[in-house]
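Structure file query.pdb; described as PDB, C-alpha atoms.
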MODEL        1
ATOM      1  CA  MET A   1      93.660  80.097 126.745  1.00  0.00           C
ATOM      2  CA  THR A   2      97.208  79.780 125.394  1.00  0.00           C
ATOM      3  CA  PHE A   3      99.870  82.429 125.920  1.00  0.00           C
ATOM      4  CA  GLU A   4      99.887  83.103 122.172  1.00  0.00           C
ATOM      5  CA  ASN A   5      96.126  83.737 122.103  1.00  0.00           C
ATOM      6  CA  ASP A   6      96.304  85.864 125.231  1.00  0.00           C
ATOM      7  CA  PHE A   7      99.061  88.017 123.687  1.00  0.00           C
ATOM      8  CA  SER A   8      97.059  88.359 120.466  1.00  0.00           C
ATOM      9  CA  ASN A   9      93.957  89.465 122.359  1.00  0.00           C
ATOM     10  CA  ASN A  10      95.962  91.990 124.378  1.00  0.00           C
ATOM     11  CA  THR A  11      97.503  93.432 121.213  1.00  0.00           C
ATOM     12  CA  THR A  12      94.096  93.713 119.558  1.00  0.00           C
ATOM     13  CA  ARG A  13      92.741  95.502 122.621  1.00  0.00           C
ATOM     14  CA  ALA A  14      95.734  97.863 122.755  1.00  0.00           C
ATOM     15  CA  LEU A  15      95.419  98.564 119.045  1.00  0.00           C
ATOM     16  CA  SER A  16      91.714  99.347 119.403  1.00  0.00           C
ATOM     17  CA  GLN A  17      92.187 101.675 122.377  1.00  0.00           C
ATOM     18  CA  ILE A  18      95.124 103.588 120.905  1.00  0.00           C
ATOM     19  CA  ARG A  19      93.298 103.912 117.596  1.00  0.00           C
ATOM     20  CA  ARG A  20      90.289 105.321 119.456  1.00  0.00           C
ATOM     21  CA  LEU A  21      92.567 107.809 121.229  1.00  0.00           C
ATOM     22  CA  VAL A  22      93.865 109.032 117.856  1.00  0.00           C
ATOM     23  CA  ASP A  23      90.446 109.032 116.160  1.00  0.00           C
ATOM     24  CA  GLU A  24      88.736 110.966 118.947  1.00  0.00           C
ATOM     25  CA  GLY A  25      91.457 113.601 118.882  1.00  0.00           C
ATOM     26  CA  ASP A  26      91.784 113.769 122.694  1.00  0.00           C
ATOM     27  CA  LEU A  27      95.416 114.832 122.451  1.00  0.00           C
ATOM     28  CA  PRO A  28      97.511 117.978 123.023  1.00  0.00           C
ATOM     29  CA  SER A  29      97.678 120.498 120.188  1.00  0.00           C
ATOM     30  CA  ASP A  30     100.962 118.988 118.937  1.00  0.00           C
ATOM     31  CA  GLY A  31      99.300 115.574 118.615  1.00  0.00           C
ATOM     32  CA  ARG A  32     101.646 113.874 121.062  1.00  0.00           C
ATOM     33  CA  LEU A  33     100.442 110.580 122.529  1.00  0.00           C
ATOM     34  CA  PRO A  34     101.031 109.479 126.121  1.00  0.00           C
ATOM     35  CA  THR A  35     104.319 107.674 126.751  1.00  0.00           C
ATOM     36  CA  GLU A  36     104.520 103.909 126.340  1.00  0.00           C
ATOM     37  CA  ARG A  37     104.498 103.535 130.140  1.00  0.00           C
ATOM     38  CA  GLU A  38     101.382 105.699 130.430  1.00  0.00           C
ATOM     39  CA  LEU A  39      99.661 103.742 127.649  1.00  0.00           C
ATOM     40  CA  CYS A  40     100.517 100.493 129.428  1.00  0.00           C
ATOM     41  CA  GLU A  41      98.873 101.778 132.606  1.00  0.00           C
ATOM     42  CA  GLN A  42      95.805 103.110 130.772  1.00  0.00           C
ATOM     43  CA  ILE A  43      95.249  99.939 128.747  1.00  0.00           C
ATOM     44  CA  GLY A  44      96.408  97.434 131.355  1.00  0.00           C
ATOM     45  CA  CYS A  45      98.956  95.538 129.288  1.00  0.00           C
ATOM     46  CA  GLY A  46     102.704  95.151 128.857  1.00  0.00           C
ATOM     47  CA  ARG A  47     105.095  97.405 126.990  1.00  0.00           C
ATOM     48  CA  ARG A  48     105.748  94.806 124.297  1.00  0.00           C
ATOM     49  CA  THR A  49     102.025  94.782 123.496  1.00  0.00           C
ATOM     50  CA  VAL A  50     101.842  98.582 123.331  1.00  0.00           C
ATOM     51  CA  ARG A  51     104.912  98.763 121.115  1.00  0.00           C
ATOM     52  CA  GLN A  52     103.464  96.259 118.668  1.00  0.00           C
ATOM     53  CA  ALA A  53     100.201  98.205 118.489  1.00  0.00           C
ATOM     54  CA  LEU A  54     102.123 101.446 117.886  1.00  0.00           C
ATOM     55  CA  GLU A  55     104.123  99.782 115.108  1.00  0.00           C
ATOM     56  CA  VAL A  56     100.899  98.739 113.388  1.00  0.00           C
ATOM     57  CA  LEU A  57      99.410 102.226 113.600  1.00  0.00           C
ATOM     58  CA  GLU A  58     102.657 103.778 112.389  1.00  0.00           C
ATOM     59  CA  ALA A  59     102.628 101.432 109.391  1.00  0.00           C
ATOM     60  CA  GLU A  60      99.053 102.528 108.692  1.00  0.00           C
ATOM     61  CA  GLY A  61     100.180 106.155 108.598  1.00  0.00           C
ATOM     62  CA  LEU A  62      98.192 107.227 111.675  1.00  0.00           C
ATOM     63  CA  LEU A  63     101.269 107.813 113.858  1.00  0.00           C
ATOM     64  CA  TRP A  64     104.883 108.873 113.567  1.00  0.00           C
ATOM     65  CA  ARG A  65     107.658 108.634 116.114  1.00  0.00           C
ATOM     66  CA  ARG A  66     110.758 110.703 116.786  1.00  0.00           C
ATOM     67  CA  ARG A  67     113.506 109.329 118.999  1.00  0.00           C
ATOM     68  CA  GLY A  68     113.724 111.249 122.268  1.00  0.00           C
ATOM     69  CA  LYS A  69     110.572 113.278 121.494  1.00  0.00           C
ATOM     70  CA  GLY A  70     107.715 110.775 121.574  1.00  0.00           C
ATOM     71  CA  THR A  71     104.903 109.453 119.397  1.00  0.00           C
ATOM     72  CA  PHE A  72     102.611 111.804 117.473  1.00  0.00           C
ATOM     73  CA  ALA A  73      99.353 111.518 115.558  1.00  0.00           C
ATOM     74  CA  GLY A  74      99.267 112.292 111.858  1.00  0.00           C
ATOM     75  CA  GLN A  75     102.122 112.564 109.375  1.00  0.00           C
ATOM     76  CA  PRO A  76     105.648 113.662 110.292  1.00  0.00           C
ATOM     77  CA  PRO A  77     107.051 117.022 109.269  1.00  0.00           C
ATOM     78  CA  GLN A  78     110.001 116.691 106.924  1.00  0.00           C
ATOM     79  CA  ALA A  79     113.594 117.625 107.639  1.00  0.00           C
ATOM     80  CA  ASN A  80     114.699 119.850 104.747  1.00  0.00           C
ATOM     81  CA  THR A  81     115.745 122.425 107.312  1.00  0.00           C
ATOM     82  CA  GLY A  82     119.097 123.376 105.752  1.00  0.00           C
ATOM     83  CA  LEU A  83     117.925 124.435 102.301  1.00  0.00           C
ATOM     84  CA  ALA A  84     114.648 125.751 103.714  1.00  0.00           C
ATOM     85  CA  ALA A  85     116.544 128.018 106.108  1.00  0.00           C
ATOM     86  CA  GLU A  86     118.661 129.331 103.235  1.00  0.00           C
ATOM     87  CA  ILE A  87     115.724 130.400 101.067  1.00  0.00           C
ATOM     88  CA  ALA A  88     113.023 131.162 103.670  1.00  0.00           C
ATOM     89  CA  ASP A  89     113.887 134.868 103.810  1.00  0.00           C
ATOM     90  CA  GLU A  90     113.667 135.121 100.020  1.00  0.00           C
ATOM     91  CA  VAL A  91     110.119 133.754  99.785  1.00  0.00           C
ATOM     92  CA  ASP A  92     106.998 135.564 100.893  1.00  0.00           C
ATOM     93  CA  ALA A  93     103.725 133.922 101.905  1.00  0.00           C
ATOM     94  CA  LEU A  94     102.139 134.269  98.486  1.00  0.00           C
ATOM     95  CA  GLY A  95     105.298 132.865  96.888  1.00  0.00           C
ATOM     96  CA  VAL A  96     104.861 129.751  99.029  1.00  0.00           C
ATOM     97  CA  MET A  97     101.296 129.419  97.767  1.00  0.00           C
ATOM     98  CA  GLU A  98     102.472 129.793  94.162  1.00  0.00           C
ATOM     99  CA  ALA A  99     104.876 126.916  94.726  1.00  0.00           C
ATOM    100  CA  ARG A 100     102.153 124.806  96.326  1.00  0.00           C
ATOM    101  CA  MET A 101      99.894 125.459  93.329  1.00  0.00           C
ATOM    102  CA  GLY A 102     102.640 124.144  91.072  1.00  0.00           C
ATOM    103  CA  ILE A 103     103.224 120.932  93.060  1.00  0.00           C
ATOM    104  CA  GLU A 104     100.219 119.756  95.038  1.00  0.00           C
ATOM    105  CA  PRO A 105      97.562 119.405  92.302  1.00  0.00           C
ATOM    106  CA  GLN A 106      99.837 116.916  90.522  1.00  0.00           C
ATOM    107  CA  LEU A 107     100.483 115.088  93.791  1.00  0.00           C
ATOM    108  CA  ALA A 108      96.711 114.808  94.292  1.00  0.00           C
ATOM    109  CA  ALA A 109      96.323 113.390  90.778  1.00  0.00           C
ATOM    110  CA  LEU A 110      99.028 110.791  91.391  1.00  0.00           C
ATOM    111  CA  CYS A 111      97.497 109.987  94.755  1.00  0.00           C
ATOM    112  CA  ALA A 112      94.175 109.258  93.027  1.00  0.00           C
ATOM    113  CA  ARG A 113      95.926 106.765  90.769  1.00  0.00           C
ATOM    114  CA  ARG A 114      97.842 104.989  93.534  1.00  0.00           C
ATOM    115  CA  ALA A 115      95.808 105.226  96.739  1.00  0.00           C
ATOM    116  CA  SER A 116      94.494 102.073  98.374  1.00  0.00           C
ATOM    117  CA  GLY A 117      91.195 101.832 100.211  1.00  0.00           C
ATOM    118  CA  GLU A 118      93.099 102.017 103.501  1.00  0.00           C
ATOM    119  CA  ASP A 119      94.866 105.183 102.316  1.00  0.00           C
ATOM    120  CA  VAL A 120      91.490 106.808 101.636  1.00  0.00           C
ATOM    121  CA  ASP A 121      90.253 105.769 105.073  1.00  0.00           C
ATOM    122  CA  ARG A 122      93.292 107.402 106.691  1.00  0.00           C
ATOM    123  CA  LEU A 123      92.701 110.602 104.729  1.00  0.00           C
ATOM    124  CA  ARG A 124      89.083 110.704 105.907  1.00  0.00           C
ATOM    125  CA  VAL A 125      90.173 110.284 109.529  1.00  0.00           C
ATOM    126  CA  LEU A 126      92.615 113.181 109.175  1.00  0.00           C
ATOM    127  CA  ALA A 127      89.933 115.358 107.554  1.00  0.00           C
ATOM    128  CA  GLU A 128      87.557 114.696 110.456  1.00  0.00           C
ATOM    129  CA  ARG A 129      90.293 115.503 112.975  1.00  0.00           C
ATOM    130  CA  THR A 130      90.924 118.788 111.146  1.00  0.00           C
ATOM    131  CA  LYS A 131      87.228 119.642 111.247  1.00  0.00           C
ATOM    132  CA  ALA A 132      86.984 118.809 114.959  1.00  0.00           C
ATOM    133  CA  SER A 133      89.982 120.965 115.924  1.00  0.00           C
ATOM    134  CA  THR A 134      89.140 123.764 118.309  1.00  0.00           C
ATOM    135  CA  ASP A 135      92.328 125.839 118.063  1.00  0.00           C
ATOM    136  CA  SER A 136      94.624 126.984 115.285  1.00  0.00           C
ATOM    137  CA  ASP A 137      97.546 124.791 116.368  1.00  0.00           C
ATOM    138  CA  SER A 138      95.435 121.647 116.121  1.00  0.00           C
ATOM    139  CA  SER A 139      93.939 122.779 112.822  1.00  0.00           C
ATOM    140  CA  GLU A 140      97.398 123.262 111.341  1.00  0.00           C
ATOM    141  CA  LEU A 141      98.589 119.913 112.711  1.00  0.00           C
ATOM    142  CA  TRP A 142      95.785 117.881 111.142  1.00  0.00           C
ATOM    143  CA  ASP A 143      95.507 119.985 107.970  1.00  0.00           C
ATOM    144  CA  GLY A 144      99.216 119.545 107.318  1.00  0.00           C
ATOM    145  CA  ALA A 145      98.890 115.810 107.949  1.00  0.00           C
ATOM    146  CA  ILE A 146      96.311 115.528 105.138  1.00  0.00           C
ATOM    147  CA  HIS A 147      98.594 117.191 102.610  1.00  0.00           C
ATOM    148  CA  ARG A 148     101.669 115.243 103.747  1.00  0.00           C
ATOM    149  CA  LEU A 149      99.814 111.934 103.460  1.00  0.00           C
ATOM    150  CA  ILE A 150      98.616 112.802  99.945  1.00  0.00           C
ATOM    151  CA  ALA A 151     102.214 113.591  98.983  1.00  0.00           C
ATOM    152  CA  ARG A 152     103.439 110.305 100.433  1.00  0.00           C
ATOM    153  CA  ILE A 153     100.754 108.207  98.736  1.00  0.00           C
ATOM    154  CA  ALA A 154     101.532 109.899  95.394  1.00  0.00           C
ATOM    155  CA  GLY A 155     104.791 108.001  95.399  1.00  0.00           C
ATOM    156  CA  ASN A 156     106.945 110.348  93.313  1.00  0.00           C
ATOM    157  CA  ALA A 157     110.240 110.976  95.106  1.00  0.00           C
ATOM    158  CA  LEU A 158     111.141 114.164  93.208  1.00  0.00           C
ATOM    159  CA  LEU A 159     107.749 115.795  93.670  1.00  0.00           C
ATOM    160  CA  GLN A 160     107.708 114.786  97.327  1.00  0.00           C
ATOM    161  CA  ALA A 161     111.155 116.317  97.852  1.00  0.00           C
ATOM    162  CA  ALA A 162     109.848 119.594  96.442  1.00  0.00           C
ATOM    163  CA  PHE A 163     106.729 119.323  98.591  1.00  0.00           C
ATOM    164  CA  ASP A 164     108.818 118.593 101.695  1.00  0.00           C
ATOM    165  CA  LEU A 165     110.907 121.725 101.118  1.00  0.00           C
ATOM    166  CA  ILE A 166     107.794 123.882 100.815  1.00  0.00           C
ATOM    167  CA  ASP A 167     106.234 122.196 103.830  1.00  0.00           C
ATOM    168  CA  THR A 168     109.304 122.826 105.963  1.00  0.00           C
ATOM    169  CA  ILE A 169     109.060 126.553 105.221  1.00  0.00           C
ATOM    170  CA  ARG A 170     105.296 126.778 105.754  1.00  0.00           C
ATOM    171  CA  THR A 171     105.479 125.076 109.173  1.00  0.00           C
ATOM    172  CA  ALA A 172     107.868 127.684 110.589  1.00  0.00           C
ATOM    173  CA  GLU A 173     106.453 129.773 113.422  1.00  0.00           C
ATOM    174  CA  ASP A 174     106.048 133.052 111.506  1.00  0.00           C
ATOM    175  CA  TRP A 175     104.234 131.277 108.663  1.00  0.00           C
ATOM    176  CA  GLN A 176     101.984 129.588 111.188  1.00  0.00           C
ATOM    177  CA  HIS A 177     100.983 133.012 112.487  1.00  0.00           C
ATOM    178  CA  LYS A 178     100.183 134.303 108.999  1.00  0.00           C
ATOM    179  CA  ARG A 179      97.959 131.315 108.284  1.00  0.00           C
ATOM    180  CA  HIS A 180      96.280 131.664 111.662  1.00  0.00           C
ATOM    181  CA  MET A 181      95.352 135.258 110.810  1.00  0.00           C
ATOM    182  CA  ALA A 182      93.675 134.021 107.613  1.00  0.00           C
ATOM    183  CA  ARG A 183      91.585 131.363 109.382  1.00  0.00           C
ATOM    184  CA  SER A 184      88.036 131.713 110.651  1.00  0.00           C
ATOM    185  CA  ALA A 185      85.101 129.438 111.414  1.00  0.00           C
ATOM    186  CA  GLU A 186      83.740 130.209 107.954  1.00  0.00           C
ATOM    187  CA  THR A 187      86.980 129.448 106.112  1.00  0.00           C
ATOM    188  CA  ASN A 188      87.517 126.266 108.149  1.00  0.00           C
ATOM    189  CA  SER A 189      84.095 125.034 107.056  1.00  0.00           C
ATOM    190  CA  ILE A 190      84.947 125.771 103.416  1.00  0.00           C
ATOM    191  CA  TYR A 191      88.324 124.058 103.737  1.00  0.00           C
ATOM    192  CA  HIS A 192      86.674 120.959 105.206  1.00  0.00           C
ATOM    193  CA  GLU A 193      84.282 120.742 102.263  1.00  0.00           C
ATOM    194  CA  GLN A 194      87.208 121.122  99.882  1.00  0.00           C
ATOM    195  CA  HIS A 195      89.191 118.426 101.679  1.00  0.00           C
ATOM    196  CA  GLN A 196      86.189 116.141 101.285  1.00  0.00           C
ATOM    197  CA  GLN A 197      86.026 116.888  97.562  1.00  0.00           C
ATOM    198  CA  ILE A 198      89.724 116.074  97.166  1.00  0.00           C
ATOM    199  CA  ILE A 199      89.372 112.813  99.079  1.00  0.00           C
ATOM    200  CA  ASP A 200      86.196 111.860  97.216  1.00  0.00           C
ATOM    201  CA  ALA A 201      88.040 112.307  93.924  1.00  0.00           C
ATOM    202  CA  ILE A 202      90.945 110.214  95.214  1.00  0.00           C
ATOM    203  CA  ASP A 203      88.472 107.566  96.381  1.00  0.00           C
ATOM    204  CA  ALA A 204      86.912 107.533  92.901  1.00  0.00           C
ATOM    205  CA  ARG A 205      90.432 107.157  91.411  1.00  0.00           C
ATOM    206  CA  ASN A 206      89.678 110.227  89.292  1.00  0.00           C
ATOM    207  CA  ALA A 207      93.019 111.945  88.787  1.00  0.00           C
ATOM    208  CA  ASP A 208      91.621 114.921  86.864  1.00  0.00           C
ATOM    209  CA  ALA A 209      88.984 115.599  89.518  1.00  0.00           C
ATOM    210  CA  ALA A 210      91.567 115.292  92.308  1.00  0.00           C
ATOM    211  CA  ARG A 211      93.855 117.749  90.511  1.00  0.00           C
ATOM    212  CA  ALA A 212      90.994 120.219  90.007  1.00  0.00           C
ATOM    213  CA  ALA A 213      89.768 119.895  93.608  1.00  0.00           C
ATOM    214  CA  MET A 214      93.252 120.495  95.011  1.00  0.00           C
ATOM    215  CA  THR A 215      93.693 123.513  92.722  1.00  0.00           C
ATOM    216  CA  GLU A 216      90.390 124.979  93.933  1.00  0.00           C
ATOM    217  CA  HIS A 217      91.399 124.394  97.566  1.00  0.00           C
ATOM    218  CA  LEU A 218      94.809 126.033  97.182  1.00  0.00           C
ATOM    219  CA  GLN A 219      93.276 128.973  95.306  1.00  0.00           C
ATOM    220  CA  ALA A 220      90.870 129.526  98.210  1.00  0.00           C
ATOM    221  CA  LEU A 221      93.794 129.432 100.640  1.00  0.00           C
ATOM    222  CA  THR A 222      95.695 131.914  98.486  1.00  0.00           C
ATOM    223  CA  ASP A 223      92.762 134.314  98.189  1.00  0.00           C
ATOM    224  CA  ASN A 224      92.121 134.274 101.936  1.00  0.00           C
ATOM    225  CA  LEU A 225      95.808 134.707 102.732  1.00  0.00           C
ATOM    226  CA  ARG A 226      96.091 137.646 100.317  1.00  0.00           C
ATOM    227  CA  ARG A 227      93.019 139.262 101.891  1.00  0.00           C
ATOM    228  CA  SER A 228      94.344 138.748 105.413  1.00  0.00           C
ATOM    229  CA  LEU A 229      97.770 140.167 104.592  1.00  0.00           C
ATOM    230  CA  ALA A 230      96.176 143.261 103.058  1.00  0.00           C
ATOM    231  CA  GLU A 231      93.968 143.775 106.136  1.00  0.00           C
ATOM    232  CA  ASN A 232      96.885 143.456 108.553  1.00  0.00           C
ATOM    233  CA  LEU A 233      99.372 145.760 106.851  1.00  0.00           C
TER     234      LEU A 233
ENDMDL
END

structure tokens encoding of this file:
Amino acid sequence: MTFENDFSNNTTRALSQIRRLVDEGDLPSDGRLPTERELCEQIGCGRRTVRQALEVLEAEGLLWRRRGKGTFAGQPPQANTGLAAEIADEVDALGVMEARMGIEPQLAALCARRASGEDVDRLRVLAERTKASTDSDSSELWDGAIHRLIARIAGNALLQAAFDLIDTIRTAEDWQHKRHMARSAETNSIYHEQHQQIIDAIDARNADAARAAMTEHLQALTDNLRRSLAENL
């Protein structure tokens, strides 16, 4: 066997094993993967091979990396921290949902028009990871990844900038707590079904259906959040 073939086989094996690690969801609640050195030891290959496999998975949208922090499953949070910090105190939880209702249905419609088959496959993986989550941190990680990937696939820079601003606010710690209070096994099951409906519409390239499914999903989130806030006054 030539060196080139051996390297190719090692990369394919590393890619398969890291992909399985992501797909099976056997990760900490923040979605952080083992370090490159740890992956090398687990897989039994060199760092160059692991890095190439990680680059492939990052290009597929299954991973994101932050210098000095590590490699994480899902889609990266955005960095609109300055403006988000300025307006966060002026927006309540229901105001965030109003903004999401104004942005995300259109992003879903655009996503339906522009998504590739591989994009749909990635969305389905994220939906399954959300369903399989056993704690609120993991649920929020994977749920947020679905919505961020839809926004990215939509391919409209202005709408994504607006989405990123909203997403930066909704991922703050106090907002996380409010959403956690509104979650239950029953609502998680409903949200999974709604995610499937959104992805099915995107898969069918039906923009109107994707817009309607996202609107229904966000309305359910809003209703449950409103109910939870009233119960915890």

Under the PyMOL selection byres ((chain A and resi 126-140) around 8), which residues of this model are included? Write them out as a PyMOL selection string.
chain A and resi 23-25+29-31+74+122-125+141-146+176+180+183+188-189+192+195-196

A:Gly155, A:Pro105, A:Gly117, A:Pro76: which is nearest A:Glu216, counting all atoms listed in the file?
A:Pro105

Considering all atoms listed in the file, can you say which of A:Ile202, A:Leu27, A:Ala14, A:Leu62 comes closest to A:Gly44?
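Closest to A:Gly44 of all the choices is A:Ala14.
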
Kindly give the distance, in Å, that separates atom CA of A:Thr71 and atom CA of A:Ile153, rounded to a single decimal.
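We find that atom CA of A:Thr71 and atom CA of A:Ile153 lie 21.1 Å from each other.
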
May I ask which of the residues A:Ile43, A:Ala99, A:Cys111, A:Ile190 is the closest one to A:Ala151, counting only C-alpha atoms?
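Among the listed residues, A:Cys111 lies closest to A:Ala151.
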